[in-house]
Amino acid sequence: MKHVEITVFDPFLLERLRLNNKPIPFEKIEKRKFIASIDTEQDELDLSMFAYHPYLVEHWWIQEMILFVVGIFGIFCPHEAKNNVVFNYKSKIKLTEDRANLTIRRSFKDKVIEVIGAVSEDEANERINQPLIVKRRKILKWSKIGFTFGLVLIALLVVLLIAIS
C-alpha cells in the first residue's frame, strides 16, 4: 500500500484536479493550503485537469442573458473572466517510494501546472487559446447593450402612454 499526500496552494485547482478520473478529496489546513491523503496500490497515477470557459458550453448565450437579468442588469453579477484561454493538463505520476509528498501549483509561464516531489510524464500541459471566446464575448456585450436599450425604450413608451391618457 502506497501513501500519497497531495498539497495544493491554489483554490482554482481544487475542483478541476482529477486523480484516476475521480475528484480528489481535499481538506483545508490553512487559509490557502489544501491537503489530500490517498492510499493506493498502483505504481502509476493519472493526474488530469481541464478548465473550460463558460462561453464554450452549449447554451452559453441563454445562460449569460438569464444571469444578466437576474443580476439586475449586471449590477450583482460576478465579474466575467477576461481571458480567452482553456487549460488542459494530463500526466502520469510514477510512485517509486511507499510514501510520496506531491505539491501541485499553477505555473504562469508556458505550462499550466507544475508537480513537485515526484516523477511525472506530461502528456498534455498547455494553455489553449480560443478565438471563439473573444467572438462570443463581443456578441454578448452587444446583446446586453441592446437588451438594456430596448428595456429603457419600452419603459419610456409606457410612461408616455400613461402621461397621454
# chains A, B, ... in the order shown; residues from 1 in each chain; ligands from 1
>>> residues_around(residues="A:Ile24", least_positions_apart="5", cutoff="12 Å", atoms="only C-alpha atoms", output="list in words")
Val4, Glu5, Ile6, Thr7, Val8, Leu13, Leu14, Glu15, Arg16, Leu17, Arg18, Leu19, Phe34, Ile35, Ala36, Ser37, Ile38, Asp39, Asp46, Leu47, Ser48 and Met49 of chain A
>>> select_by_dssp(residues="stretch 88-147 of chain A", states="strand (DSSP E)", output="ChimeraX atom specification")
/A:88-94,99-106,113-116,119-129
>>> write_last_selection(atoms="N, CA and C atoms", output="JSON list (two decimals), in the first residue's frame")
[["chain", "number", "residue", "atom", "x", "y", "z"],
["A", 88, "ASN", "N", -5.46, 22.72, -20.23],
["A", 88, "ASN", "CA", -5.51, 21.28, -20.46],
["A", 88, "ASN", "C", -4.25, 20.67, -19.85],
["A", 89, "TYR", "N", -4.42, 19.73, -18.93],
["A", 89, "TYR", "CA", -3.28, 19.09, -18.28],
["A", 89, "TYR", "C", -3.59, 17.61, -18.09],
["A", 90, "LYS", "N", -2.63, 16.77, -18.43],
["A", 90, "LYS", "CA", -2.76, 15.33, -18.22],
["A", 90, "LYS", "C", -1.36, 14.77, -18.07],
["A", 91, "SER", "N", -1.14, 13.98, -17.02],
["A", 91, "SER", "CA", 0.17, 13.37, -16.83],
["A", 91, "SER", "C", 0.04, 12.08, -16.05],
["A", 92, "LYS", "N", 1.11, 11.30, -16.10],
["A", 92, "LYS", "CA", 1.21, 10.07, -15.33],
["A", 92, "LYS", "C", 2.30, 10.29, -14.29],
["A", 93, "ILE", "N", 1.94, 10.07, -13.03],
["A", 93, "ILE", "CA", 2.88, 10.24, -11.94],
["A", 93, "ILE", "C", 3.35, 8.87, -11.48],
["A", 94, "LYS", "N", 4.65, 8.67, -11.47],
["A", 94, "LYS", "CA", 5.22, 7.39, -11.07],
["A", 94, "LYS", "C", 5.59, 7.45, -9.59],
["A", 99, "ARG", "N", 5.89, 6.16, 0.28],
["A", 99, "ARG", "CA", 5.29, 7.41, 0.77],
["A", 99, "ARG", "C", 5.75, 8.54, -0.15],
["A", 100, "ALA", "N", 4.78, 9.27, -0.70],
["A", 100, "ALA", "CA", 5.11, 10.37, -1.62],
["A", 100, "ALA", "C", 4.39, 11.64, -1.19],
["A", 101, "ASN", "N", 5.11, 12.74, -1.22],
["A", 101, "ASN", "CA", 4.52, 14.06, -0.94],
["A", 101, "ASN", "C", 4.60, 14.88, -2.22],
["A", 102, "LEU", "N", 3.43, 15.18, -2.78],
["A", 102, "LEU", "CA", 3.37, 15.95, -4.02],
["A", 102, "LEU", "C", 2.87, 17.36, -3.72],
["A", 103, "THR", "N", 3.46, 18.32, -4.37],
["A", 103, "THR", "CA", 2.97, 19.69, -4.31],
["A", 103, "THR", "C", 2.59, 20.09, -5.72],
["A", 104, "ILE", "N", 1.37, 20.53, -5.88],
["A", 104, "ILE", "CA", 0.87, 20.94, -7.19],
["A", 104, "ILE", "C", 0.60, 22.42, -7.15],
["A", 105, "ARG", "N", 1.16, 23.14, -8.09],
["A", 105, "ARG", "CA", 0.93, 24.58, -8.15],
["A", 105, "ARG", "C", 0.77, 25.03, -9.59],
["A", 106, "ARG", "N", 0.08, 26.14, -9.74],
["A", 106, "ARG", "CA", -0.10, 26.70, -11.08],
["A", 106, "ARG", "C", 1.18, 27.37, -11.53],
["A", 113, "ILE", "N", 0.45, 23.54, -15.00],
["A", 113, "ILE", "CA", 0.69, 23.02, -13.65],
["A", 113, "ILE", "C", 2.12, 22.52, -13.54],
["A", 114, "GLU", "N", 2.67, 22.67, -12.35],
["A", 114, "GLU", "CA", 3.96, 22.05, -12.04],
["A", 114, "GLU", "C", 3.75, 21.09, -10.88],
["A", 115, "VAL", "N", 4.25, 19.87, -11.02],
["A", 115, "VAL", "CA", 4.16, 18.87, -9.97],
["A", 115, "VAL", "C", 5.55, 18.72, -9.37],
["A", 116, "ILE", "N", 5.64, 18.95, -8.06],
["A", 116, "ILE", "CA", 6.92, 18.89, -7.37],
["A", 116, "ILE", "C", 6.88, 17.73, -6.39],
["A", 119, "VAL", "N", 8.18, 12.01, -10.06],
["A", 119, "VAL", "CA", 8.48, 11.97, -11.48],
["A", 119, "VAL", "C", 7.17, 11.94, -12.24],
["A", 120, "SER", "N", 6.97, 12.90, -13.12],
["A", 120, "SER", "CA", 5.72, 12.93, -13.88],
["A", 120, "SER", "C", 6.02, 13.05, -15.36],
["A", 121, "GLU", "N", 5.30, 12.26, -16.14],
["A", 121, "GLU", "CA", 5.40, 12.33, -17.59],
["A", 121, "GLU", "C", 4.18, 13.08, -18.11],
["A", 122, "ASP", "N", 4.40, 14.29, -18.56],
["A", 122, "ASP", "CA", 3.30, 15.12, -19.04],
["A", 122, "ASP", "C", 2.87, 14.68, -20.43],
["A", 123, "GLU", "N", 1.59, 14.33, -20.57],
["A", 123, "GLU", "CA", 1.02, 14.06, -21.88],
["A", 123, "GLU", "C", 0.50, 15.34, -22.50],
["A", 124, "ALA", "N", -0.07, 16.19, -21.67],
["A", 124, "ALA", "CA", -0.56, 17.50, -22.12],
["A", 124, "ALA", "C", -0.42, 18.47, -20.95],
["A", 125, "ASN", "N", 0.19, 19.60, -21.21],
["A", 125, "ASN", "CA", 0.36, 20.63, -20.20],
["A", 125, "ASN", "C", 0.39, 21.95, -20.96],
["A", 126, "GLU", "N", -0.81, 22.42, -21.35],
["A", 126, "GLU", "CA", -0.85, 23.55, -22.26],
["A", 126, "GLU", "C", -2.01, 24.49, -21.99],
["A", 127, "ARG", "N", -1.84, 25.70, -22.43],
["A", 127, "ARG", "CA", -2.91, 26.69, -22.44],
["A", 127, "ARG", "C", -3.37, 26.81, -23.89],
["A", 128, "ILE", "N", -4.65, 26.61, -24.10],
["A", 128, "ILE", "CA", -5.19, 26.63, -25.45],
["A", 128, "ILE", "C", -5.93, 27.94, -25.65],
["A", 129, "ASN", "N", -5.50, 28.73, -26.62],
["A", 129, "ASN", "CA", -6.12, 30.00, -26.92],
["A", 129, "ASN", "C", -7.35, 29.75, -27.79]]
>>> residues_around(residues="stretch 147-151 of chain A", least_positions_apart="4", cutoff="8 Å", atoms="only C-alpha atoms", output="ChimeraX atom specification")
/A:73,143,155
>>> closest_residue(among="A:Pro54, A:Pro23, A:Phe87, A:Leu140", to="A:Phe108", atoms="only C-alpha atoms")
A:Phe87
>>> decode(residues="stretch 7-20 of chain A", atoms="C-alpha atoms", output="mmCIF file, in the first residue's frame")
data_model
loop_
_atom_site.group_PDB
_atom_site.id
_atom_site.type_symbol
_atom_site.label_atom_id
_atom_site.label_comp_id
_atom_site.auth_asym_id
_atom_site.auth_seq_id
_atom_site.Cartn_x
_atom_site.Cartn_y
_atom_site.Cartn_z
ATOM 1 C CA THR A 7 -0.665 19.615 -1.300
ATOM 2 C CA VAL A 8 -2.284 22.431 -3.270
ATOM 3 C CA PHE A 9 -1.935 26.148 -2.538
ATOM 4 C CA ASP A 10 -4.345 27.430 -5.182
ATOM 5 C CA PRO A 11 -8.147 27.136 -4.707
ATOM 6 C CA PHE A 12 -8.569 27.420 -8.510
ATOM 7 C CA LEU A 13 -7.188 23.889 -8.863
ATOM 8 C CA LEU A 14 -9.340 22.159 -6.234
ATOM 9 C CA GLU A 15 -12.469 21.467 -8.280
ATOM 10 C CA ARG A 16 -10.602 20.845 -11.510
ATOM 11 C CA LEU A 17 -7.961 18.289 -10.495
ATOM 12 C CA ARG A 18 -8.741 14.618 -11.059
ATOM 13 C CA LEU A 19 -6.768 11.594 -9.940
ATOM 14 C CA ASN A 20 -7.543 8.476 -11.997
#
